[in-house]
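Since the structure comes first, as structure tokens, the remarks are kept for the end.
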Amino acid sequence: MPETPDHIIDLSGDVALVTGAGSGIARATALMLGAAGAAVLAADIAGDAAEATAEAITAAGGTASAVSCDVTDDAGVEAMVAAARTLGSLGIVVNAAGIAIRKGLLDTTREDWDKVIATNLTGYFNVLRATVPDLEASGNGRIVQIASVSAHLGYGYPSYTASKGGVLAMSRQLAAELAPKGIRINSVSPGVIETGINRGTLGTEAIRGATIGITPLGRLGQPEDIARTVLYLVSPLGAFVTGTDLVTDGGMISTIHWGAAGDLLQTFDQRR
């Protein structure tokens with residue numbers, strides 16, 4: 001079998017913090033960074049799930065530890081960063097914790113709105129404020145923030161879409177602010193990914209077929225597809241890339257629009 005980038009990238013000596021690492025895209029990312037040689041702190045509000053991810057990394061010969069963390073809690077975030085420091089000099093942060101509340105505008109309460117923004121946008125802000133000093137000290141800081149194709153298209157739910165649009169804007173702005181500190185920051189916008197949360201819906205042949213039908217590459221996305229994009233961005237291969245959003249969706253947004261695919265796409269809870 002020919003080598004692929006995730007087999008040849010060496011992150012030995014790096015320490016990576018991945019939030020939301022108990023499941024889905026973030027778990028796949030933590031596993032891939034660990035396989036590439038990084039020491040990984042797997043963080044998740046579900047501590048048991050984070051532990052399972054860390055155990056999978058160590059079972060494969062890597063180095064990892066885990067912590068339970070709610071990214072909306074300042075004290076919890078500080079404790080998470082302290083735990084990352086026990087692994088060495090923190091050089092990589094992947095902001096991937098997130099939630100979705102599947103309600104349209106008139107059904108979305110202020111409590112719903114605040115909860116989603118607090119996790120998906122303010123939570124990212126909290127993590128960055130706590131980690132940027134460490135990333136600067138490392139001399140080669142790298143940040144990847146998980147956004148969504150919903151930030152590029154007119155579908156989804158207002159709280160979720162607004163939160164992910166905010167992630168894109170934050171990442172672009174911070175690319176200029178953080179570059180003098182030796183820190184690169186990018187975002188990744190996944191399409192419809194076959195995570196555990198989505199598999200129930202995607203299990204119906206009609207939905208699977210329709211989803212594949214609007215994806216030019218002709219298959220469903222897998223968590224590892226997004227993890228490879230993250231791996232590229234934090235590796236030397238992405239050394240001249242900052243302030244960019246990499247849409248990783250099999251070409252979906254190049255061919256669809258709200259009227260054609262909105263009803264289908266709204267069946268998916270985009271929680272990572």
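Convention: chains lettered A, B, ... in structure tokens order; per-chain residue numbering from 1; ligands numbered from 1 as shown.
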
Long-range neighbours of Gly13 of chain A as a ChimeraX atom specification, 12 Å cut-off, only C-alpha atoms, 3 positions minimum in chain: /A:10,16,33-34,36-40,62-63,87-92,138,140

Long-range neighbours of Arg184 of chain A as a PyMOL selection string, 7 Å cut-off, only C-alpha atoms, 2 positions minimum in chain: chain A and resi 141-143+175+178-179+182+186+242

If we count only C-alpha atoms, what is near segment 22-28 of chain A at a cut-off of 7 Å, once residues fewer than 3 positions away on the same chain are taken out, given as a compact mmCIF listing (two decimals) with C-alpha atoms, in the first residue's frame?
# COMPACT_ATOMS: atom_id res chain seq x y z
CA VAL A 18 -8.10 18.53 21.42
CA THR A 19 -11.45 19.62 22.84
CA LEU A 31 -6.25 9.53 17.44
CA MET A 32 -4.58 10.70 14.24
CA ASP A 44 -14.37 16.45 26.67
CA ALA A 46 -17.86 13.65 29.09
CA ALA A 49 -15.35 9.40 26.70
CA ALA A 50 -12.16 11.48 26.87
CA THR A 53 -9.88 8.25 23.53
CA ALA A 96 -13.74 21.04 18.30
CA THR A 195 -20.31 10.32 12.96
CA GLY A 196 -22.04 8.32 15.66
CA PRO A 223 -14.36 11.58 10.73
CA GLU A 224 -10.93 10.59 9.46
CA ILE A 226 -11.62 15.83 8.66
CA ALA A 227 -8.82 14.57 10.89
CA ARG A 272 -19.28 17.35 16.74

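Computed from the coordinates, the atom CA of Thr131 of chain A to atom CA of Val93 of chain A distance equals 7.8 Å.
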
Test item, helix (DSSP H, G or I) assignment across segment 48-172 of chain A, answer as an MDAnalysis selection string: chainID A and resid 48:59 74:85 105:107 110:138 149:151 158:172

Interatomic distance, atom CA of Leu153 of chain A to atom CA of Gly218 of chain A (Å, one decimal): 20.0 Å

Polymer residues at most 7 Å from Asp249 of chain A, only C-alpha atoms, same-chain spacing of 3 or more positions, as a PyMOL selection string: chain A and resi 190-192+221+252

Take the residues from that selection and write them out as a PDB file, in the first residue's frame, keeping C-alpha atoms.
ATOM      1  CA  PRO A 190     -16.838  19.714   7.441  1.00  0.00           C
ATOM      2  CA  GLY A 191     -19.764  18.656   5.296  1.00  0.00           C
ATOM      3  CA  VAL A 192     -22.092  15.810   6.273  1.00  0.00           C
ATOM      4  CA  GLY A 221     -17.615  11.859   4.729  1.00  0.00           C
ATOM      5  CA  MET A 252     -20.965  19.298  -1.701  1.00  0.00           C
TER       6      MET A 252
END

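Residues of segment 79-121 of chain A assigned to strand (DSSP E or B) by DSSP on this structure's backbone: Leu90, Gly91, Ile92, Val93, Val94 and Asn95 of chain A.
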
Point-to-point distance in Å for atom CA of Ala21 of chain A and atom CA of Ile183 of chain A: 22.2 Å
